[in-house]
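Below: the structure, in structure tokens.
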Amino acid sequence: MRRFYFSLFCCFILWMGSAIHIGEAEQKKFPLKVHFIDVGQGDSIFIQTPNRKTILIDGGPPEAGKTVIHYLQKQGVTEIDLIIATHPDIDHIGGLLHVLEKIPVKFIVDSGKFHATKTYFQYVTQIREQMIPVQVAKEKEKISIDPLLDIKVLNTTGKIKTNNQSSIVLHIKYDDSELLLTGDIDRFQEKRIRKKYNIKSDILKVAHHGSKTSSTMSFLKEVDPQITILTYDIGNDFGHPHKKVIQNLNKIDTTIYSTAVYGNIILYTEGSEYMIDIEKSPVEALQEKTN
């Protein structure tokens, strides 16, 4: 079975394009909206660009697929311009299987990390069957989808990297606003990125759901975010977020939001000021968990 997976993966690579360019001429400027969808223990981030392009970054675990579909439909989404699969772990690509079945997708950017699992096999099979153009992300590469956004890849796969270490890391700049989306990278990637790039950002999506393997003090100080987003499920089996991570975040005096507490979180910005919209209050979240 592993040999069959590898053969399919080789065919998948042959389907790759040569450039990540999905953009069009500048039209009307709308706010940038970044939706951190509550998918439980996993990641799914939906972006509506200033020129109304749609980007879905990961889809959460398999059981969250319907949740993501419902959420996108509530936003009026009938097709997705770009899917970015940060890495092949099931809590990131599992929900994409359902998305690919239900919503037309124009383009996919993948980490290129091979993973011999049934979920990964189904993911690759759907891409091939639907003949969706797909590109493996390269470090330093820019993703051109909206002329008002500067989206740069700061990390992706490597021969000796684990799945988490292979996560696509994105730095997104819109006028004076900057976001850093870190996938599930660990402290080693954080150190390398910190030394190689200017990562200071207004908004940070914390790596690996608040695992103790990430979010070192030196990295967080370098990012110096005003707003920090954590994606996890209350009572998860991994102990996320780790107490040390929360302590580090408190030390840098950032405002923390989590999908576990607030549900779906939407960030709005017109390039300078930010507004956060939450689905539920902390009291409502506690009430749901105790009922």
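Chain labels A, B, ... are given in the sequence in which chains occur in the structure tokens; within each chain residues are numbered consecutively from 1, and ligands are likewise numbered from 1 in the order shown.
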Using backbone DSSP assignments, extract all alpha helix (DSSP H) residues from segment 72-206 of chain A; output them as a PyMOL selection string. chain A and resi 72-74+90-93+96-102+118-130+187-196
Would you kindly return, as a PDB file with C-alpha atoms, in the first residue's frame, each protein, DNA or RNA residue with an atom no farther than 6 Å from any atom of segment 183-191 of chain A, considering only C-alpha atoms and excluding same-chain residues fewer than 3 positions away?
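As a result, result11.pdb now contains:
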```
ATOM      1  CA  ASN A 164       4.735  19.865  11.492  1.00  0.00           C
ATOM      2  CA  GLN A 165       8.151  21.256  10.605  1.00  0.00           C
ATOM      3  CA  SER A 167       4.103  23.552   7.636  1.00  0.00           C
ATOM      4  CA  ARG A 194      13.274  34.623  13.330  1.00  0.00           C
ATOM      5  CA  ALA A 207       1.804  27.550  16.132  1.00  0.00           C
ATOM      6  CA  HIS A 208       0.565  24.016  16.783  1.00  0.00           C
ATOM      7  CA  THR A 213       6.987  22.481  21.154  1.00  0.00           C
ATOM      8  CA  SER A 214       6.450  26.032  19.836  1.00  0.00           C
TER       9      SER A 214
END
```
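Taking atom CA of Leu154 of chain A and atom CA of Val169 of chain A as endpoints, the distance between them is 5.3 Å.
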Between A:Lys140, A:His87, A:His70, A:Lys243, single out the one closest to Ile168 of chain A, counting only C-alpha atoms.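 Checking each of A:Lys140, A:His87, A:His70, A:Lys243 against Ile168 of chain A, counting only C-alpha atoms, the winner is A:His87.
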What is the atom CA of Lys221 of chain A-atom CA of Tyr257 of chain A distance in Å, reported with one decimal? 18.0 Å
Excluding segment 40-57 of chain A and residues on its chain fewer than 2 positions from it, collect all residues at most 7 Å away from it, counting only C-alpha atoms, and give them as a compact mmCIF listing (two decimals) with N, CA, C and O atoms, in the first residue's frame.
```txt
# COMPACT_ATOMS: atom_id res chain seq x y z
N GLU A 26 -6.42 45.26 -9.98
CA GLU A 26 -7.06 45.84 -8.81
C GLU A 26 -8.44 46.39 -9.16
O GLU A 26 -8.63 47.05 -10.18
N GLN A 27 -9.39 46.09 -8.32
CA GLN A 27 -10.76 46.55 -8.54
C GLN A 27 -11.13 47.50 -7.40
O GLN A 27 -10.46 48.49 -7.19
N LYS A 28 -12.18 47.17 -6.64
CA LYS A 28 -12.62 48.02 -5.54
C LYS A 28 -12.05 47.51 -4.23
O LYS A 28 -11.99 46.32 -3.99
N LYS A 29 -11.64 48.43 -3.39
CA LYS A 29 -11.02 48.05 -2.13
C LYS A 29 -12.05 47.82 -1.04
O LYS A 29 -12.80 48.71 -0.67
N PHE A 30 -12.07 46.59 -0.50
CA PHE A 30 -12.91 46.22 0.63
C PHE A 30 -11.99 45.89 1.81
O PHE A 30 -10.79 45.70 1.63
N PRO A 31 -12.54 45.78 3.01
CA PRO A 31 -11.70 45.36 4.15
C PRO A 31 -11.16 43.94 3.94
O PRO A 31 -11.78 43.12 3.26
N LEU A 32 -10.01 43.67 4.49
CA LEU A 32 -9.50 42.31 4.57
C LEU A 32 -10.19 41.62 5.73
O LEU A 32 -10.22 42.15 6.85
N LYS A 33 -10.78 40.46 5.47
CA LYS A 33 -11.44 39.70 6.52
C LYS A 33 -10.74 38.35 6.68
O LYS A 33 -10.57 37.62 5.71
N VAL A 34 -10.35 38.05 7.90
CA VAL A 34 -9.70 36.77 8.20
C VAL A 34 -10.55 36.05 9.23
O VAL A 34 -10.72 36.53 10.36
N HIS A 35 -11.09 34.91 8.84
CA HIS A 35 -12.00 34.14 9.68
C HIS A 35 -11.23 32.93 10.25
O HIS A 35 -10.75 32.09 9.49
N PHE A 36 -11.14 32.85 11.56
CA PHE A 36 -10.57 31.68 12.22
C PHE A 36 -11.76 30.80 12.62
O PHE A 36 -12.45 31.07 13.61
N ILE A 37 -12.00 29.77 11.81
CA ILE A 37 -13.20 28.95 11.98
C ILE A 37 -13.00 27.97 13.13
O ILE A 37 -11.96 27.30 13.23
N ASP A 38 -14.01 27.85 13.97
CA ASP A 38 -13.96 26.92 15.09
C ASP A 38 -14.21 25.50 14.58
O ASP A 38 -15.34 25.10 14.34
N GLY A 59 -8.54 22.76 6.56
CA GLY A 59 -9.97 22.48 6.70
C GLY A 59 -10.34 21.77 7.98
O GLY A 59 -11.45 21.25 8.09
N GLY A 60 -9.40 21.75 8.95
CA GLY A 60 -9.69 21.07 10.21
C GLY A 60 -9.71 19.56 10.05
O GLY A 60 -9.37 19.02 8.99
N PRO A 61 -10.12 18.81 11.07
CA PRO A 61 -10.22 17.35 11.01
C PRO A 61 -11.41 16.92 10.15
O PRO A 61 -12.28 17.73 9.83
N ILE A 80 -13.99 28.66 -4.41
CA ILE A 80 -12.81 29.09 -3.67
C ILE A 80 -11.69 29.34 -4.67
O ILE A 80 -11.35 28.47 -5.48
N ASP A 81 -11.11 30.53 -4.60
CA ASP A 81 -10.03 30.86 -5.52
C ASP A 81 -8.76 30.09 -5.20
O ASP A 81 -8.04 29.66 -6.10
N LEU A 82 -8.49 29.89 -3.92
CA LEU A 82 -7.24 29.24 -3.52
C LEU A 82 -7.41 28.49 -2.22
O LEU A 82 -7.92 29.03 -1.24
N ILE A 83 -6.96 27.22 -2.21
CA ILE A 83 -6.81 26.45 -0.98
C ILE A 83 -5.33 26.31 -0.70
O ILE A 83 -4.55 25.98 -1.60
N ILE A 84 -4.94 26.55 0.55
CA ILE A 84 -3.57 26.31 0.99
C ILE A 84 -3.60 25.22 2.05
O ILE A 84 -4.23 25.39 3.10
N ALA A 85 -2.96 24.10 1.76
CA ALA A 85 -2.86 22.99 2.72
C ALA A 85 -1.50 23.09 3.38
O ALA A 85 -0.48 22.77 2.76
N ASP A 91 -5.69 16.76 11.11
CA ASP A 91 -6.44 17.88 11.70
C ASP A 91 -6.32 19.17 10.88
O ASP A 91 -6.88 20.20 11.25
N HIS A 92 -5.62 19.07 9.74
CA HIS A 92 -5.49 20.22 8.84
C HIS A 92 -6.08 19.93 7.46
O HIS A 92 -6.70 20.80 6.87
N ASP A 146 -4.11 38.85 -4.99
CA ASP A 146 -4.75 40.16 -4.87
C ASP A 146 -3.64 41.21 -4.84
O ASP A 146 -2.74 41.13 -3.99
N LEU A 148 -3.47 44.02 -3.71
CA LEU A 148 -3.41 44.80 -2.49
C LEU A 148 -2.76 44.04 -1.33
O LEU A 148 -2.48 44.62 -0.29
N THR A 231 -6.00 28.20 18.23
CA THR A 231 -7.02 27.29 17.68
C THR A 231 -6.89 25.93 18.36
O THR A 231 -5.90 25.22 18.15
N TYR A 232 -7.88 25.58 19.16
CA TYR A 232 -7.86 24.29 19.85
C TYR A 232 -9.26 23.98 20.36
O TYR A 232 -10.17 24.81 20.25
N ASP A 233 -9.42 22.80 20.92
CA ASP A 233 -10.71 22.38 21.49
C ASP A 233 -10.55 22.19 22.99
O ASP A 233 -9.56 21.58 23.44
N ASN A 236 -9.05 18.85 24.95
CA ASN A 236 -8.37 18.01 23.96
C ASN A 236 -7.36 17.08 24.64
O ASN A 236 -6.93 17.31 25.77
```
Between atom CA of Arg192 of chain A and atom CA of Ile172 of chain A, what distance in Å does the model show, to one decimal?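 According to the coordinates, atom CA of Arg192 of chain A and atom CA of Ile172 of chain A are separated by 18.5 Å.
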From the set A:Val206, A:Glu270, A:Ile103, A:Ser111, which residue has the shortest atom-to-atom contact distance to Leu72 of chain A, counting only C-alpha atoms? A:Ile103
Do you know which residues are at most 12 Å from Lys159 of chain A counting only C-alpha atoms, after dropping those on the same chain fewer than 2 positions away, and could you put them as a PyMOL selection string? chain A and resi 111-114+156-157+161-163+165-166
Given only C-alpha atoms as the basis, pick out the residue of A:Ser211, A:Thr255, A:Ser177, A:Ser218 nearest to Phe238 of chain A.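 Looking only at the distances to Phe238 of chain A, the closest residue turns out to be A:Ser211.
Excluding Gly94 of chain A and any residue on its chain fewer than 6 positions from it, the residues at most 9 Å away by only C-alpha atoms are Asp58, Gly59, Gly60, Pro61, Pro62, Glu63, Ala64, Gly65, Pro88, Thr119, Tyr120 and Tyr123 of chain A.
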Can I get the selected residues back with C-alpha atoms, as a PDB file, in the first residue's frame?
```pdb
ATOM      1  CA  ASP A  58      -6.636  24.106   5.918  1.00  0.00           C
ATOM      2  CA  GLY A  59      -9.970  22.483   6.700  1.00  0.00           C
ATOM      3  CA  GLY A  60      -9.687  21.067  10.206  1.00  0.00           C
ATOM      4  CA  PRO A  61     -10.219  17.352  11.010  1.00  0.00           C
ATOM      5  CA  PRO A  62     -12.570  15.161   8.905  1.00  0.00           C
ATOM      6  CA  GLU A  63     -15.527  15.651  11.238  1.00  0.00           C
ATOM      7  CA  ALA A  64     -15.240  19.428  10.777  1.00  0.00           C
ATOM      8  CA  GLY A  65     -15.706  19.281   7.010  1.00  0.00           C
ATOM      9  CA  PRO A  88      -0.736  16.761   5.608  1.00  0.00           C
ATOM     10  CA  THR A 119      -6.694  10.772   4.428  1.00  0.00           C
ATOM     11  CA  TYR A 120      -3.743  12.047   2.414  1.00  0.00           C
ATOM     12  CA  TYR A 123      -6.955  14.301  -0.634  1.00  0.00           C
TER      13      TYR A 123
END
```
What are the DSSP strand (DSSP E) residues of segment 81-285 of chain A, as a ChimeraX atom specification? /A:82-85,108-110,134-136,150-155,169-174,177-181,203-205,227-230,255-258,265-269,274-278
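Closest approach to Lys212 of chain A among A:Val283, A:Ile246, A:Ile199, A:Val153 is made by A:Ile246 (distances from only C-alpha atoms).
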Give me the residues near Lys142 of chain A as a PyMOL selection string, where near means some atom within 9 Å (using only C-alpha atoms) and where sequence neighbours in that chain fewer than 6 positions away do not count. chain A and resi 20-21+150-153
